[in-house]
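Q: This is structure.cif, which holds mmCIF, C-alpha atoms:
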data_upload
loop_
_atom_site.label_atom_id
_atom_site.label_comp_id
_atom_site.auth_asym_id
_atom_site.auth_seq_id
_atom_site.Cartn_x
_atom_site.Cartn_y
_atom_site.Cartn_z
CA MET X 26 274.39 71.23 272.08
CA ILE X 27 274.12 71.49 268.30
CA ILE X 28 270.84 71.96 266.45
CA LYS X 29 271.39 71.78 262.69
CA LYS X 30 267.81 71.62 261.41
CA VAL X 31 264.84 73.61 262.65
CA PHE X 32 261.42 72.92 261.12
CA LEU X 33 259.12 75.89 261.70
CA ILE X 34 255.70 74.40 261.00
CA VAL X 35 252.73 76.73 260.55
CA LEU X 36 249.33 75.05 260.84
CA ASP X 37 247.59 77.75 258.80
CA SER X 38 244.72 79.31 260.81
CA PHE X 39 245.02 76.92 263.80
CA GLY X 40 244.11 79.55 266.38
CA ILE X 41 243.42 78.80 270.04
CA GLY X 42 241.14 81.75 270.91
CA ASN X 43 241.65 84.17 273.80
CA ALA X 44 243.23 87.05 271.86
CA PRO X 45 242.92 90.03 274.21
CA ASP X 46 242.07 92.42 271.36
CA ALA X 47 239.63 90.12 269.51
CA LYS X 48 236.75 92.54 270.13
CA GLU X 49 238.53 95.24 268.11
CA PHE X 50 238.42 92.87 265.13
CA ASN X 51 234.80 91.81 265.70
CA ASP X 52 236.06 88.35 266.70
CA GLU X 53 235.20 88.20 270.38
CA GLY X 54 234.53 84.57 271.28
CA ALA X 55 236.20 83.07 268.21
CA ASN X 56 238.18 79.91 268.97
CA THR X 57 239.24 77.63 266.13
CA PHE X 58 240.59 74.95 268.47
CA ARG X 59 237.39 74.82 270.51
CA SER X 60 235.21 74.50 267.40
CA ILE X 61 237.15 71.67 265.77
CA SER X 62 237.75 69.81 269.05
CA SER X 63 233.96 69.36 269.30
CA SER X 64 234.02 67.14 266.19
CA GLY X 65 234.07 63.36 266.32
CA ASN X 66 236.82 63.52 263.67
CA PHE X 67 239.20 65.22 266.10
CA SER X 68 242.04 63.15 267.56
CA ILE X 69 245.45 64.64 268.37
CA PRO X 70 247.44 62.25 270.61
CA ASN X 71 250.80 63.54 269.36
CA LEU X 72 250.04 67.23 269.82
CA THR X 73 248.61 66.33 273.24
CA ARG X 74 251.84 64.58 274.24
CA LEU X 75 253.80 67.62 273.08
CA GLY X 76 251.71 69.74 275.44
CA ILE X 77 249.05 71.59 273.46
CA MET X 78 246.42 70.96 276.15
CA ASN X 79 248.80 72.49 278.72
CA ILE X 80 248.92 75.84 276.91
CA PRO X 81 247.12 78.51 278.96
CA GLY X 82 243.51 78.92 277.87
CA VAL X 83 243.32 75.98 275.47
CA ILE X 84 240.99 73.85 277.58
CA SER X 85 238.16 75.19 279.72
CA GLU X 86 236.97 73.87 283.08
CA ASN X 87 234.18 71.81 281.51
CA SER X 88 236.33 70.46 278.68
CA SER X 89 236.47 66.73 278.02
CA TYR X 90 240.21 67.11 277.38
CA SER X 91 242.89 67.33 280.05
CA LYS X 92 246.48 68.38 280.46
CA VAL X 93 249.32 65.86 280.46
CA ASP X 94 251.60 65.51 283.45
CA HIS X 95 254.86 65.59 281.55
CA PRO X 96 254.68 67.33 278.14
CA THR X 97 257.51 66.37 275.80
CA ALA X 98 257.76 69.88 274.29
CA SER X 99 258.08 73.40 275.60
CA TYR X 100 254.64 74.94 275.27
CA GLY X 101 253.05 78.37 275.26
CA ARG X 102 250.96 80.78 273.22
CA ALA X 103 251.58 83.99 271.30
CA TYR X 104 249.47 87.11 270.77
CA GLU X 105 249.73 89.05 267.52
CA LEU X 106 250.95 92.65 267.58
CA SER X 107 250.42 93.54 263.92
CA ASN X 108 247.27 95.39 262.95
CA GLY X 109 245.69 92.55 261.02
CA LYS X 110 244.65 88.92 261.06
CA ASP X 111 245.76 87.72 257.65
CA THR X 112 248.38 85.34 256.31
CA VAL X 113 250.95 87.97 255.33
CA ALA X 114 250.74 89.89 258.61
CA GLY X 115 250.98 86.67 260.62
CA HIS X 116 253.92 85.18 258.73
CA PHE X 117 255.77 88.50 258.49
CA GLU X 118 255.43 88.93 262.25
CA ILE X 119 256.79 85.43 262.87
CA ALA X 120 259.80 86.53 260.82
CA GLY X 121 260.16 89.74 262.83
CA ILE X 122 258.23 92.31 260.77
CA ILE X 123 255.46 93.91 262.81
CA SER X 124 252.90 95.88 260.80
CA ASP X 125 251.57 98.86 262.75
CA LEU X 126 249.35 100.05 259.91
CA PRO X 127 246.70 97.72 258.50
CA PHE X 128 246.84 96.71 254.87
CA PRO X 129 243.97 98.32 252.90
CA THR X 130 240.70 96.43 252.66
CA TYR X 131 237.73 96.97 250.35
CA PRO X 132 234.35 96.14 251.91
CA ASP X 133 232.59 97.85 248.98
CA GLY X 134 234.87 96.49 246.26
CA PHE X 135 237.77 98.24 244.55
CA PRO X 136 237.34 101.85 243.34
CA GLU X 137 236.29 102.24 239.73
CA ASP X 138 239.26 104.45 238.84
CA LEU X 139 241.62 101.75 240.15
CA MET X 140 239.82 99.04 238.19
CA TYR X 141 239.98 101.24 235.09
CA LYS X 142 243.79 101.43 235.36
CA ILE X 143 244.06 97.68 235.80
CA CYS X 144 241.64 96.81 232.99
CA ARG X 145 243.35 99.22 230.61
CA GLU X 146 246.55 97.18 230.95
CA TRP X 147 244.72 93.86 230.97
CA GLY X 148 242.94 94.71 227.74
CA CYS X 149 239.64 93.34 229.07
CA GLY X 150 236.86 94.01 231.57
CA TYR X 151 236.00 92.17 234.76
CA LEU X 152 233.13 90.63 236.71
CA CYS X 153 231.96 90.97 240.32
CA ASN X 154 234.34 93.30 242.23
CA LYS X 155 232.76 92.56 245.62
CA PRO X 156 233.73 90.80 248.86
CA TYR X 157 232.83 87.15 248.28
CA SER X 158 233.46 83.59 249.36
CA GLY X 159 235.85 81.96 246.90
CA THR X 160 233.62 78.96 246.27
CA GLU X 161 230.43 81.00 246.03
CA VAL X 162 231.87 83.56 243.62
CA ILE X 163 232.69 80.96 240.98
CA HIS X 164 229.25 79.41 241.44
CA ASP X 165 227.51 82.77 241.00
CA TYR X 166 229.71 84.23 238.25
CA GLY X 167 231.19 81.14 236.59
CA ARG X 168 228.71 80.90 233.72
CA GLU X 169 228.96 84.61 232.89
CA HIS X 170 232.74 84.33 233.03
CA ILE X 171 232.71 81.48 230.52
CA GLU X 172 230.36 83.42 228.20
CA THR X 173 232.21 86.76 228.38
CA LYS X 174 235.76 85.52 229.06
CA LYS X 175 236.13 88.29 231.65
CA PRO X 176 238.09 87.43 234.82
CA ILE X 177 236.22 87.38 238.15
CA VAL X 178 237.63 89.94 240.58
CA TYR X 179 236.73 89.72 244.25
CA THR X 180 238.04 90.42 247.73
CA SER X 181 237.26 89.58 251.38
CA VAL X 182 237.62 91.24 254.78
CA ASP X 183 241.35 90.61 254.34
CA SER X 184 243.66 92.74 252.22
CA VAL X 185 243.44 90.67 249.03
CA PHE X 186 242.78 91.22 245.35
CA GLN X 187 241.68 87.83 244.01
CA ILE X 188 241.20 86.83 240.40
CA ALA X 189 239.28 83.66 239.53
CA ALA X 190 239.29 82.19 236.03
CA HIS X 191 238.33 78.87 234.44
CA GLU X 192 241.47 77.18 233.16
CA GLU X 193 239.85 76.47 229.77
CA VAL X 194 238.77 80.11 229.37
CA ILE X 195 241.83 81.95 230.66
CA PRO X 196 244.88 79.65 230.72
CA VAL X 197 246.76 79.62 234.01
CA ASP X 198 249.83 81.37 232.58
CA GLU X 199 247.59 84.19 231.35
CA LEU X 200 245.85 84.36 234.74
CA TYR X 201 249.28 84.72 236.35
CA ARG X 202 250.05 87.58 233.94
CA LEU X 203 246.85 89.34 234.97
CA CYS X 204 247.88 88.96 238.61
CA GLU X 205 251.38 90.27 237.97
CA THR X 206 249.93 93.33 236.25
CA ALA X 207 247.51 93.96 239.11
CA ARG X 208 250.30 93.48 241.66
CA ARG X 209 252.38 96.19 239.96
CA ILE X 210 249.48 98.66 239.91
CA LEU X 211 248.26 97.93 243.44
CA ASP X 212 250.74 100.16 245.23
CA GLY X 213 250.73 103.25 247.41
CA GLU X 214 247.38 103.64 249.15
CA HIS X 215 246.16 100.49 247.37
CA ARG X 216 249.12 98.30 248.38
CA VAL X 217 247.12 95.19 249.28
CA ALA X 218 248.88 92.40 251.12
CA ARG X 219 248.27 89.81 248.40
CA VAL X 220 247.10 89.40 244.83
CA ILE X 221 245.91 85.81 244.41
CA ALA X 222 245.33 83.75 241.27
CA ARG X 223 242.36 81.40 241.76
CA PRO X 224 242.05 79.02 238.79
CA PHE X 225 239.10 76.62 238.63
CA ILE X 226 237.73 73.88 236.41
CA GLY X 227 234.49 71.97 235.82
CA GLU X 228 230.97 72.78 234.70
CA TYR X 229 228.14 74.59 236.46
CA PRO X 230 227.16 74.01 239.23
CA ASP X 231 230.13 71.80 240.10
CA TYR X 232 233.06 74.16 239.61
CA GLN X 233 236.19 73.15 241.54
CA ARG X 234 239.18 75.32 242.42
CA THR X 235 242.49 73.74 241.42
CA THR X 236 245.83 73.54 243.22
CA ARG X 237 247.45 75.99 240.78
CA ARG X 238 246.65 78.94 243.02
CA HIS X 239 249.49 81.44 243.18
CA ASP X 240 249.97 84.30 245.68
CA TYR X 241 251.71 87.57 244.87
CA ALA X 242 252.47 89.12 248.24
CA ILE X 243 254.16 92.41 248.97
CA LYS X 244 257.89 92.04 249.44
CA PRO X 245 259.11 92.16 253.04
CA GLU X 246 261.30 95.17 253.76
CA GLY X 247 264.19 95.47 256.19
CA LYS X 248 265.97 92.89 258.29
CA MET X 249 264.04 89.78 259.24
CA LEU X 250 264.54 86.14 260.21
CA LEU X 251 264.94 84.71 256.70
CA THR X 252 267.47 87.27 255.51
CA ASP X 253 269.34 87.21 258.83
CA LEU X 254 269.78 83.44 258.65
CA SER X 255 270.71 83.30 254.96
CA GLU X 256 273.24 86.12 255.40
CA LYS X 257 274.81 84.13 258.24
CA GLY X 258 275.28 81.18 255.89
CA PHE X 259 272.35 79.05 257.01
CA ASP X 260 270.09 77.25 254.57
CA VAL X 261 266.56 78.70 254.47
CA LEU X 262 264.14 76.25 252.89
CA SER X 263 260.44 76.83 252.29
CA VAL X 264 257.62 74.35 251.80
CA GLY X 265 254.13 75.23 250.54
CA LYS X 266 253.12 78.85 250.11
CA ILE X 267 255.94 80.28 252.26
CA ASN X 268 257.92 81.27 249.15
CA ASP X 269 254.91 83.17 247.77
CA ILE X 270 254.26 84.91 251.10
CA PHE X 271 257.83 86.22 251.32
CA SER X 272 258.25 86.72 247.54
CA GLY X 273 261.34 84.51 247.76
CA VAL X 274 263.23 87.02 249.93
CA GLY X 275 265.86 85.30 252.09
CA ILE X 276 264.90 81.82 250.87
CA THR X 277 267.69 79.64 249.49
CA LYS X 278 265.50 76.81 248.17
CA SER X 279 261.74 76.35 247.86
CA TYR X 280 259.48 73.32 247.55
CA GLY X 281 256.15 74.24 245.95
CA ALA X 282 253.82 71.67 247.53
CA LYS X 283 250.15 72.65 247.20
CA THR X 284 248.15 70.27 249.44
CA ASN X 285 248.65 69.25 253.07
CA GLU X 286 249.59 65.76 251.90
CA ASP X 287 252.20 67.12 249.49
CA VAL X 288 253.56 69.47 252.14
CA ALA X 289 253.91 66.57 254.60
CA LYS X 290 255.73 64.41 252.02
CA ALA X 291 258.10 67.22 251.02
CA THR X 292 258.92 68.05 254.64
CA GLU X 293 259.66 64.42 255.44
CA GLU X 294 261.97 64.17 252.44
CA ILE X 295 263.79 67.32 253.53
CA LEU X 296 264.38 65.76 256.97
CA LYS X 297 266.48 63.12 255.21
CA THR X 298 268.74 65.72 253.56
CA ASP X 299 271.90 67.20 255.01
CA PHE X 300 270.96 70.86 255.34
CA ASN X 301 271.90 73.25 258.11
CA GLY X 302 269.34 75.90 258.87
CA LEU X 303 265.62 76.60 258.81
CA CYS X 304 262.84 74.77 256.99
CA PHE X 305 259.75 77.03 257.03
CA VAL X 306 256.58 75.00 256.37
CA ASN X 307 252.93 75.98 255.82
CA PHE X 308 250.00 73.56 255.88
CA VAL X 309 247.54 75.68 253.90
CA GLU X 310 244.42 73.50 253.67
CA PHE X 311 243.26 74.01 257.26
CA ASP X 312 242.50 77.57 256.21
CA SER X 313 241.77 77.44 252.49
CA VAL X 314 239.74 74.22 252.28
CA TYR X 315 238.07 73.98 255.70
CA GLY X 316 238.20 77.17 257.76
CA HIS X 317 236.84 79.50 255.09
CA ARG X 318 234.10 77.00 254.26
CA ASN X 319 232.90 76.59 257.86
CA ASP X 320 233.67 72.86 257.63
CA ILE X 321 234.23 71.88 261.26
CA ASP X 322 234.41 68.13 260.63
CA GLY X 323 236.69 68.57 257.63
CA TYR X 324 239.04 70.84 259.59
CA ALA X 325 239.09 68.38 262.50
CA GLY X 326 239.86 65.47 260.17
CA ALA X 327 242.70 67.39 258.53
CA VAL X 328 244.26 68.17 261.91
CA THR X 329 243.93 64.51 262.89
CA ARG X 330 245.79 63.42 259.75
CA ILE X 331 248.62 65.90 260.31
CA ASP X 332 248.84 64.89 263.96
CA SER X 333 249.39 61.30 262.82
CA TRP X 334 252.04 62.44 260.35
CA LEU X 335 253.70 64.53 263.06
CA GLY X 336 254.08 61.45 265.26
CA SER X 337 255.94 59.56 262.52
CA PHE X 338 258.02 62.66 261.69
CA ILE X 339 259.15 63.00 265.32
CA GLU X 340 260.25 59.37 265.38
CA LYS X 341 262.60 60.06 262.46
CA MET X 342 264.20 63.13 264.06
CA THR X 343 267.74 63.03 265.45
CA ASP X 344 269.28 64.91 268.37
CA GLU X 345 270.33 67.63 265.90
CA ASP X 346 266.74 68.33 264.77
CA ALA X 347 264.04 70.53 266.30
CA ILE X 348 260.47 71.47 265.41
CA ILE X 349 258.36 74.50 266.25
CA VAL X 350 254.61 74.11 265.74
CA THR X 351 252.58 77.32 265.57
CA ALA X 352 249.98 79.21 263.48
CA ASP X 353 249.55 82.58 261.77
CA HIS X 354 245.98 83.53 262.78
CA GLY X 355 242.63 81.84 263.34
CA CYS X 356 239.81 80.88 260.98
CA ASP X 357 237.14 79.52 263.29
CA PRO X 358 234.81 77.34 261.19
CA GLY X 359 232.17 77.56 263.92
CA PHE X 360 232.19 81.38 264.09
CA PRO X 361 229.78 83.58 262.08
CA GLY X 362 231.18 84.46 258.66
CA THR X 363 233.89 82.79 256.61
CA ASP X 364 236.90 84.98 257.28
CA HIS X 365 240.02 84.88 259.44
CA THR X 366 239.64 85.40 263.17
CA ARG X 367 241.90 87.28 265.56
CA GLU X 368 243.21 84.61 267.93
CA ALA X 369 246.23 83.60 269.94
CA VAL X 370 248.33 80.84 268.38
CA PRO X 371 250.00 77.80 269.95
CA VAL X 372 253.76 77.56 270.32
CA LEU X 373 255.25 74.07 270.74
CA VAL X 374 259.03 73.57 270.62
CA TYR X 375 260.36 70.02 270.55
CA GLY X 376 263.74 68.41 270.12
CA LYS X 377 265.03 65.09 271.44
CA ALA X 378 267.94 66.96 273.00
CA LEU X 379 265.85 69.86 274.35
CA GLU X 380 264.53 70.08 277.90
CA PRO X 381 260.76 70.85 277.85
CA ALA X 382 259.48 73.79 279.87
CA PRO X 383 256.40 76.04 280.04
CA LEU X 384 256.88 79.14 277.89
CA GLY X 385 253.89 81.14 279.09
CA THR X 386 252.49 83.85 276.83
CA PHE X 387 254.48 85.76 274.22
CA VAL X 388 253.29 89.20 273.18
CA GLY X 389 254.29 89.15 269.53
CA PHE X 390 254.59 86.31 267.02
CA ASP X 391 258.16 87.52 266.40
CA LYS X 392 259.22 85.66 269.55
CA VAL X 393 258.55 82.42 267.65
CA GLY X 394 261.05 83.36 264.95
CA ARG X 395 263.59 84.33 267.57
CA ILE X 396 263.32 80.87 269.12
CA ALA X 397 264.13 79.35 265.72
CA GLU X 398 267.20 81.57 265.40
CA LYS X 399 268.38 80.80 268.95
CA LEU X 400 268.07 77.07 268.34
CA LEU X 401 270.35 77.34 265.31
CA THR X 402 272.87 79.76 266.78
CA LYS X 403 272.89 78.72 270.47
CA GLY X 404 271.33 75.24 270.52
CA SER X 405 268.77 76.48 273.04
CA ILE X 406 265.44 78.35 273.10
CA TYR X 407 266.84 80.79 275.69
#
Please lay out the structure from this file as structure tokens.
A:
Amino acid sequence: MIIKKVFLIVLDSFGIGNAPDAKEFNDEGANTFRSISSSGNFSIPNLTRLGIMNIPGVISENSSYSKVDHPTASYGRAYELSNGKDTVAGHFEIAGIISDLPFPTYPDGFPEDLMYKICREWGCGYLCNKPYSGTEVIHDYGREHIETKKPIVYTSVDSVFQIAAHEEVIPVDELYRLCETARRILDGEHRVARVIARPFIGEYPDYQRTTRRHDYAIKPEGKMLLTDLSEKGFDVLSVGKINDIFSGVGITKSYGAKTNEDVAKATEEILKTDFNGLCFVNFVEFDSVYGHRNDIDGYAGAVTRIDSWLGSFIEKMTDEDAIIVTADHGCDPGFPGTDHTREAVPVLVYGKALEPAPLGTFVGFDKVGRIAEKLLTKGSIY
């Protein structure tokens, strides 16, 4: 059997609860799937046919949902091994890089001596320097930012250094320069997982973040899925923020779609092309637009739309195509707080020429990446 195209689709933050170490991350009881499935906006007939309801632990005894008798995909779940619950740790682990040490976090803001070094190179001061919700920080500091022209620096429980700026005050190219400078300085003990540009527009109180966000992640080190495949001569395509997450390492071509709709369109266009290898896809808005804003109905509606798209995508697949649907962490919109949650993730593997089977539970997201490699090199998940 020949599999020429594997689409590794990450539904960003689509956790399914039940992580055995959730308590260690203060996330005991978090379950993104359970929260959004309670919404009237939730409808996933295609994921259900693939077998998501058959994954261990997804539905409880009193659930209104039920398993299907004959799932069309191989189905299972994966537990994270890395010491974190963020985007970089999750995606790196899928690619085979397991992080034993957590990336640094800053619950009290960044140290003053560190900010001094950064501001000295920026040539300006800053505002905030606290853990904050991305939408609330521009509401609370937006007017002062416009008056002083100082960038808004903030973080979260994740290992991130985020810089928000109004596009008419600090042009996006200049905001990117500030991020690049910070990325260079944030090293050693302060080597955060990501520096993120967060441009916004509008007038108080109706500021809106734009799609020109840009992530500056640490570069992956050592052998991993993307470099292994590209060195073997396979194409490695990325859609959405995958290129940012991996800093372009191992990627042969990237498609910079920003919204779920743009990601879906780009992925469907790639299906029509004659490539041979991996297409690594991230649907970011589940996390960035809905999960972090505790928007259960919005999250549920977004999943419903992608489920519909997935059905049409599957119809267009050939016997030489395969998809893997998974996630990188949770972000339960019904759980206290607005941050990522430590959860298991679904693993669904489908191909018209593949025989579906239960996969059970994987300890380590890296097993997902290995399935992608086996499909391309052996034409099988085993």
Q: Quick one: residues within 9 Å of region 200-204 of chain X, all atoms listed in the file counted, chain neighbours fewer than 4 positions away excluded, as a ChimeraX atom specification?
A: /X:143,146-147,176,186-190,192,195-196,208-209,220-224,239-241
Q: Measuring atom to atom with only C-alpha atoms, identify which of X:Gly265, X:Gly258, X:Gly247, X:Gly316 is nearest to Phe300 (chain X).
A: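 When distances to Phe300 (chain X) are compared using only C-alpha atoms, the smallest one comes from X:Gly258.
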Q: In Å, how far is it from CA of Phe390 (chain X) to CA of Ala352 (chain X)?
A: 9.2 Å
Q: Any chance you could work out the residue set of the PyMOL selection byres ((chain X and resi 42-58) around 8) here, as a list in words?
A: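 Taken on the displayed file, the PyMOL selection byres ((chain X and resi 42-58) around 8) yields the residues Ser38, Phe39, Gly40, Ile41, Arg59, Ser60, Ile61, Ser62, Gly82, Val83, Tyr104, Gly355, Cys356, Asp357, Pro358, Gly359, Phe360, Thr366, Arg367, Glu368, Ala369 and Val370 of chain X.
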Q: Residues at most 12 Å from Leu401 (chain X), counting all atoms listed in the file, excluding those fewer than 6 positions away in the same chain, as a PyMOL selection string?
A: chain X and resi 26-33+250+253-255+257-261+300-304+345-348+394-395+407
Q: Mind pulling up the distance from CA of Val306 (chain X) to CA of His215 (chain X)?
A: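 Straight-line distance from CA of His215 (chain X) to CA of Val306 (chain X) works out to 29.0 Å.
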Q: Generate the missing atoms of region 258-268 of chain X up to all heavy atoms and report them as a tab-separated table (two decimals), in the coordinates of the input.
A:
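So the final result, stored in out-v6.tsv, reads:
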chain	number	residue	atom	x	y	z
X	258	GLY	N	274.82	82.41	256.52
X	258	GLY	CA	275.28	81.18	255.89
X	258	GLY	C	274.39	79.97	256.14
X	258	GLY	O	274.74	78.86	255.71
X	259	PHE	N	273.27	80.17	256.80
X	259	PHE	CA	272.35	79.05	257.01
X	259	PHE	C	271.50	78.81	255.77
X	259	PHE	O	271.22	79.73	255.00
X	259	PHE	CB	271.42	79.34	258.20
X	259	PHE	CG	272.08	79.29	259.55
X	259	PHE	CD1	272.40	80.46	260.22
X	259	PHE	CD2	272.39	78.07	260.14
X	259	PHE	CE1	273.00	80.42	261.46
X	259	PHE	CE2	272.99	78.01	261.38
X	259	PHE	CZ	273.32	79.19	262.05
X	260	ASP	N	271.09	77.56	255.59
X	260	ASP	CA	270.09	77.25	254.57
X	260	ASP	C	268.73	77.75	255.07
X	260	ASP	O	268.41	77.63	256.25
X	260	ASP	CB	270.01	75.74	254.33
X	260	ASP	CG	271.32	75.16	253.83
X	260	ASP	OD1	271.88	75.74	252.88
X	260	ASP	OD2	271.77	74.15	254.39
X	261	VAL	N	267.94	78.31	254.15
X	261	VAL	CA	266.56	78.70	254.47
X	261	VAL	C	265.66	78.08	253.41
X	261	VAL	O	265.61	78.53	252.27
X	261	VAL	CB	266.38	80.24	254.49
X	261	VAL	CG1	264.93	80.59	254.81
X	261	VAL	CG2	267.31	80.87	255.52
X	262	LEU	N	264.99	77.00	253.80
X	262	LEU	CA	264.14	76.25	252.89
X	262	LEU	C	262.68	76.61	253.16
X	262	LEU	O	262.30	76.89	254.29
X	262	LEU	CB	264.36	74.75	253.06
X	262	LEU	CG	265.81	74.25	253.14
X	262	LEU	CD1	265.83	72.73	253.29
X	262	LEU	CD2	266.61	74.70	251.94
X	263	SER	N	261.87	76.57	252.11
X	263	SER	CA	260.44	76.83	252.29
X	263	SER	C	259.64	75.72	251.67
X	263	SER	O	260.01	75.17	250.63
X	263	SER	CB	260.05	78.17	251.68
X	263	SER	OG	260.08	78.11	250.26
X	264	VAL	N	258.52	75.39	252.31
X	264	VAL	CA	257.62	74.35	251.80
X	264	VAL	C	256.21	74.94	251.77
X	264	VAL	O	255.76	75.56	252.73
X	264	VAL	CB	257.64	73.08	252.67
X	264	VAL	CG1	256.74	72.01	252.06
X	264	VAL	CG2	259.06	72.56	252.83
X	265	GLY	N	255.49	74.70	250.67
X	265	GLY	CA	254.13	75.23	250.54
X	265	GLY	C	254.16	76.67	250.09
X	265	GLY	O	255.00	77.07	249.29
X	266	LYS	N	253.26	77.48	250.61
X	266	LYS	CA	253.12	78.85	250.11
X	266	LYS	C	254.05	79.85	250.78
X	266	LYS	O	253.94	81.06	250.54
X	266	LYS	CB	251.67	79.32	250.24
X	266	LYS	CG	251.15	79.52	251.65
X	266	LYS	CD	249.72	80.06	251.62
X	266	LYS	CE	249.20	80.39	253.01
X	266	LYS	NZ	247.84	80.95	252.98
X	267	ILE	N	255.00	79.38	251.59
X	267	ILE	CA	255.94	80.28	252.26
X	267	ILE	C	256.71	81.13	251.24
X	267	ILE	O	256.89	82.33	251.42
X	267	ILE	CB	256.94	79.49	253.13
X	267	ILE	CG1	256.21	78.76	254.28
X	267	ILE	CG2	258.02	80.41	253.68
X	267	ILE	CD1	255.54	79.65	255.28
X	268	ASN	N	257.17	80.52	250.15
X	268	ASN	CA	257.92	81.27	249.15
X	268	ASN	C	257.09	82.40	248.55
X	268	ASN	O	257.60	83.51	248.32
X	268	ASN	CB	258.41	80.33	248.05
X	268	ASN	CG	259.44	80.97	247.14
X	268	ASN	OD1	260.53	81.34	247.57
X	268	ASN	ND2	259.09	81.13	245.88
